[in-house]
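Peer 1: Sharing a structure below in structure tokens format, with a few things to ask.
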Amino acid sequence: MALITAGVGSSHVPLLGVAHDQGKDRDDYFGPIFAGYDWTRAWERAEKPDVVILVYNDHASAFDMKIIPTFAIGCGERYAPADEGWGPRKVPDVIGHPDLGWHIAQSLILDEFDMTIINEMDVDHGLTVPLSMMFGHVDSWPCKVVPLAVNVVTYPPPSGNRCWALGEAIARAVASFPEDINVQIWGTGGMSHQLQGERAGLINAEWDNMFLDGLIGESEHLRRIPHIDYLRETGSEGIEMVMWLIMRGALGPATRALHRHYHVPCSNTAIGHIVLEPASPLSSGA
Amino acid sequence: MSGPKDIHDYLAAFEDIPGTRVFTAARARQGYHLNQFAMSLMKPENRERWKADEAAYLDEWPLSDAQKAAVLARDYNHMLDLGGNIYFLSKVFSTDGLSFLQAVSTMSGMSVADYEAMMNAGGRSPEGVRSKKEAR
């Protein structure tokens with residue numbers, strides 16, 4: 001059967017895609033940011049996931065305001081990088097896994113999550129920057145991807161609790177997929193940042209690290225953080241962190257941290273990155 | 001449970017955050033055409049027409065006079081007040097050749113250089129900008 005073997009959390013700052021594509025990733029500014037992903041790149045080469053369920057938000061690329069789905073899952077064959085106004089990133093097309101995507105979609109709907117199903121769309125930096133950070137320069141991405149898009153732009157976004165519960169439901173769905181495949185789930189976006197208004201540039205490293213701490217072990221308090229706390233403490237765009245809770249919820253009652261990285265600044269934001277694996281509650285103290 | 005279930009309590013709390021316009025349904029409704037106009041600049045042919053005559057291009061959209069004036073003046077805070085959302089409005093400043101950092105800094109009333117220096121020093125502290133009422 002299919003198994004979720006690990007979870008990855010990561011910011012998806014568009015400027016990182018620019019630095020990666022233009023070969024600036026080891027300069028004085030970007031070097032400390034990219035160095036925090038070196039461990040993960042080596043680990044991913046060894047782990048060889050077959051599929052990544054990639055939780056992200058679209059930034060007015062595939063979706064405009066005509067349709068605003070809260071949770072949308074990609075069931076298509078292939079997704080091209082979106083033109084976000086500067087021309088599409090020159091990175092490989094993202095290859096989907098329609099059988100797994102449809103399986104998860106069906107399972108989630110029976111599990112009382114009202115999913116929007118997407119067969120055709122382009123994917124923006126929210127999805128392609130994490131792939132570059134984890135896999136570097138490649139001719140084709142080394143795994144298939146099931147995109148899972150979350151509305152974190154138009155209020156209200158889903159609650160942290162709902163995101164966590166969706167993650168739990170995704171884990172049940174994956175566990176009932178009959179093929180033996182290695183699946184990872186990534187939660188992307190965040191950490192603290194505010195891209196608007198007089199308070200732009202807000203960074204709360206203490207809160208971000210509290211959030212990273214909370215992803216590890218058996219803690220569940222993160223699922224009860226209300227939206228207003230994200231907004232007050234981490235800025236208007238810090239709300240993207242609810243997407244990490246989908247990843248965390250899918251890993252079960254307890255986790256172990258394999259790698260962690262935090263850095264300020266990258267453009268207007270803080271970079272957060274963590275690699276987790278499921279741990280049974282009984283073995284977590286062993 | 002994670003937060004208020006009463007929509008009025010939920011929305012009221014957002015008004016207590018200094019220097020922040022949360023993209024609520026009211027703003028989404030007010031700014032629908034403003035954001036869809038910005039979204040239209042994703043297409044190269046539209047960018048060319050926009051650059052050739054901004055006012056004429058804006059007149060093709062059912063925007064209020066105040067929205068049109070704010071766009072032409074590139075007054076981003078005012079555009080946010082009138083229902084704009086930063087991810088949509090980014091199509092306007094990317095068409096102008098500005099980065100997120102350059103555009104965002106102007107909203108905070110700082111020069112680009114001062115804003116960049118603040119970010120390099122760890123960003124804006126949350127101290128004093130969490131709540132208007134509680135001044136914390």
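Following the order of the structure tokens, chains are lettered A, B, ..., residues in each are numbered from 1, and ligands are numbered from 1.
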Residues of chain A near chain B: apply a cut-off of 9 Å, count only C-alpha atoms, and supply the list as JSON, numbers by chain.
Peer 2: {"A": [15, 59, 60, 61, 64, 65, 66, 83, 84, 85, 86, 87, 153, 154, 155, 156, 159, 160, 161, 162, 194, 195, 196, 197, 198, 199, 200, 201, 202, 203, 204, 205, 223, 224, 225, 226, 227, 228, 231, 232, 233, 234, 235, 236, 264, 265, 266, 267, 268, 269, 270]}
Peer 1: May I have the residues within 9 Å of stretch 93-97 of chain A as a ChimeraX atom specification, using only C-alpha atoms and disregarding those fewer than 3 positions away in the same chain?
Peer 2: /A:51,74-81,100-102,123,128,140-141,143-147
Peer 1: Per DSSP on the backbone, filter stretch 4-136 of chain B down to the residues in alpha helix (DSSP H) and report them as a compact mmCIF listing (two decimals) with C-alpha atoms, in the first residue's frame.
Peer 2:
# COMPACT_ATOMS: atom_id res chain seq x y z
CA ILE B 7 -18.66 36.23 11.83
CA HIS B 8 -19.10 39.73 13.30
CA ASP B 9 -16.61 39.08 16.11
CA TYR B 10 -14.25 37.48 13.60
CA LEU B 11 -14.32 40.49 11.27
CA ALA B 12 -14.23 43.12 14.03
CA ALA B 13 -10.92 41.82 15.34
CA PHE B 14 -9.21 42.52 11.98
CA ALA B 25 -15.48 39.53 1.73
CA ALA B 26 -16.47 43.20 1.90
CA ARG B 27 -13.15 44.18 0.29
CA ALA B 28 -13.37 41.30 -2.18
CA ARG B 29 -16.81 42.52 -3.25
CA GLN B 30 -15.75 46.17 -3.49
CA TYR B 32 -13.73 42.64 -7.70
CA HIS B 33 -13.26 44.60 -10.93
CA LEU B 34 -10.13 46.36 -9.63
CA ASN B 35 -8.50 42.99 -9.00
CA GLN B 36 -9.74 41.50 -12.26
CA PHE B 37 -8.32 44.53 -14.11
CA ALA B 38 -4.95 43.89 -12.43
CA MET B 39 -5.21 40.21 -13.30
CA SER B 40 -5.70 41.10 -16.98
CA PRO B 44 1.53 40.40 -22.68
CA GLU B 45 -0.87 41.93 -25.23
CA ASN B 46 -2.84 43.59 -22.40
CA ARG B 47 0.35 44.92 -20.82
CA GLU B 48 1.22 46.60 -24.12
CA ARG B 49 -2.20 48.23 -24.42
CA TRP B 50 -2.04 49.33 -20.75
CA LYS B 51 1.39 50.89 -21.20
CA ALA B 52 0.29 52.70 -24.37
CA GLU B 54 -3.32 53.67 -19.00
CA ALA B 55 -6.41 55.86 -18.65
CA ALA B 56 -8.05 54.44 -21.76
CA TYR B 57 -7.31 50.88 -20.63
CA LEU B 58 -8.82 51.59 -17.19
CA ASP B 65 -13.36 57.11 -10.22
CA ALA B 66 -11.53 56.76 -6.90
CA GLN B 67 -10.21 53.33 -7.87
CA LYS B 68 -9.03 54.61 -11.25
CA ALA B 69 -7.29 57.59 -9.63
CA ALA B 70 -5.57 55.37 -7.06
CA VAL B 71 -4.28 53.04 -9.78
CA LEU B 72 -3.00 55.90 -11.95
CA ALA B 73 -1.28 57.44 -8.89
CA TYR B 76 -1.15 51.09 -3.15
CA ASN B 77 -2.55 51.72 0.31
CA HIS B 78 -5.50 53.54 -1.24
CA MET B 79 -5.98 50.70 -3.72
CA LEU B 80 -6.09 48.31 -0.73
CA ASP B 81 -8.64 50.57 0.96
CA ILE B 86 -1.78 42.69 -2.99
CA TYR B 87 -1.40 39.47 -5.03
CA PHE B 88 -3.62 40.91 -7.76
CA LEU B 89 -2.11 44.40 -7.53
CA SER B 90 1.33 42.84 -7.94
CA LYS B 91 0.51 42.55 -11.66
CA VAL B 92 0.47 46.36 -11.80
CA PHE B 93 3.85 46.85 -10.15
CA SER B 94 5.45 43.93 -12.00
CA THR B 95 4.31 45.60 -15.24
CA PHE B 100 7.77 43.06 -4.40
CA LEU B 101 10.29 44.67 -2.06
CA GLN B 102 10.25 47.96 -3.94
CA ALA B 103 6.46 48.12 -4.10
CA VAL B 104 5.85 46.92 -0.55
CA SER B 105 8.30 49.42 0.92
CA THR B 106 6.32 52.33 -0.54
CA MET B 107 3.22 51.23 1.37
CA VAL B 112 13.34 51.49 -0.46
CA ALA B 113 16.82 51.77 1.08
CA ASP B 114 15.51 52.27 4.62
CA TYR B 115 13.05 49.40 4.23
CA GLU B 116 15.78 47.11 2.92
CA ALA B 117 18.02 48.07 5.84
CA MET B 118 15.16 47.29 8.26
CA MET B 119 14.67 43.85 6.68
CA ASN B 120 18.38 43.11 6.76
Peer 1: Would you pick out the contacts of A:Ala46 at 12 Å or less, using only C-alpha atoms, so that residues sharing its chain but fewer than 6 positions from it are not included, and give the list as a ChimeraX atom specification?
Peer 2: /A:39-40,135,142
Peer 1: Env of stretch 17-34 of chain A: 9 Å cut, atoms = only C-alpha atoms, seq-sep filter 5 positions within chain, self excluded. Answer as number ranges by chain.
Peer 2: A: 12, 89-91, 125, 128-130, 132-133, 136-137, 261-266, 271
Peer 1: Using only C-alpha atoms, which of the listed residues (A:Gly36, A:Gly214, A:Pro158, A:Gly167) sits closest to A:Val242?
Peer 2: A:Pro158
Peer 1: Using backbone DSSP assignments, extract all strand (DSSP E) residues from stretch 105-175 of chain A; output them as a list in words.
Peer 2: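 Result set for stretch 105-175 of chain A (strand (DSSP E)): Thr116, Ile117, Ile118, Lys144, Val145, Val146, Pro147, Leu148, Ala149 and Val150 of chain A.
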Peer 1: Grab the residues selected above and save them as a PDB file, in the first residue's frame with N, CA and C atoms.
Peer 2:
ATOM      1  N   THR A 116     -12.601  20.726  -4.418  1.00  0.00           N
ATOM      2  CA  THR A 116     -12.700  21.140  -5.812  1.00  0.00           C
ATOM      3  C   THR A 116     -11.673  20.329  -6.594  1.00  0.00           C
ATOM      4  N   ILE A 117     -12.095  19.795  -7.729  1.00  0.00           N
ATOM      5  CA  ILE A 117     -11.196  18.948  -8.526  1.00  0.00           C
ATOM      6  C   ILE A 117     -10.707  19.732  -9.742  1.00  0.00           C
ATOM      7  N   ILE A 118      -9.408  19.731  -9.951  1.00  0.00           N
ATOM      8  CA  ILE A 118      -8.813  20.494 -11.052  1.00  0.00           C
ATOM      9  C   ILE A 118      -8.117  19.520 -11.994  1.00  0.00           C
ATOM     10  N   LYS A 144       6.507  12.484  -9.145  1.00  0.00           N
ATOM     11  CA  LYS A 144       5.222  13.039  -9.569  1.00  0.00           C
ATOM     12  C   LYS A 144       4.671  13.911  -8.446  1.00  0.00           C
ATOM     13  N   VAL A 145       3.738  14.776  -8.811  1.00  0.00           N
ATOM     14  CA  VAL A 145       3.224  15.745  -7.840  1.00  0.00           C
ATOM     15  C   VAL A 145       1.690  15.768  -7.911  1.00  0.00           C
ATOM     16  N   VAL A 146       1.082  15.702  -6.751  1.00  0.00           N
ATOM     17  CA  VAL A 146      -0.357  15.975  -6.646  1.00  0.00           C
ATOM     18  C   VAL A 146      -0.499  17.348  -5.995  1.00  0.00           C
ATOM     19  N   PRO A 147      -0.856  18.376  -6.772  1.00  0.00           N
ATOM     20  CA  PRO A 147      -0.992  19.718  -6.190  1.00  0.00           C
ATOM     21  C   PRO A 147      -2.257  19.800  -5.333  1.00  0.00           C
ATOM     22  N   LEU A 148      -2.114  20.457  -4.189  1.00  0.00           N
ATOM     23  CA  LEU A 148      -3.293  20.704  -3.348  1.00  0.00           C
ATOM     24  C   LEU A 148      -3.297  22.184  -2.992  1.00  0.00           C
ATOM     25  N   ALA A 149      -4.196  22.927  -3.613  1.00  0.00           N
ATOM     26  CA  ALA A 149      -4.217  24.384  -3.473  1.00  0.00           C
ATOM     27  C   ALA A 149      -5.210  24.791  -2.379  1.00  0.00           C
ATOM     28  N   VAL A 150      -4.784  25.746  -1.568  1.00  0.00           N
ATOM     29  CA  VAL A 150      -5.589  26.210  -0.436  1.00  0.00           C
ATOM     30  C   VAL A 150      -5.806  27.718  -0.582  1.00  0.00           C
TER      31      VAL A 150
END
Peer 1: With a distance cut-off of 12 Å and only C-alpha atoms, select the neighbouring residues of A:Glu47, excluding the residue or stretch itself and same-chain residues fewer than 5 positions from it, and output the selection as a VMD selection string.
Peer 2: chain A and resid 4 to 7 40 to 42 52 134 to 135 142 to 143 181 to 184 277
Peer 1: Enter the distance from atom CA of A:Gly9 to atom CA of A:Pro178, in Å, rounded to one decimal.
Peer 2: 26.6 Å
Peer 1: Mind giving me the straight-line distance from atom CA of A:Asp229 to atom CA of A:Asn209 in Å, one decimal?
Peer 2: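 These atoms are spaced 14.8 Å apart.
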Peer 1: What's the separation between atom CA of A:Ser107 and atom CA of A:Met241, in Å to one decimal place?
Peer 2: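 A separation of 24.7 Å between them.
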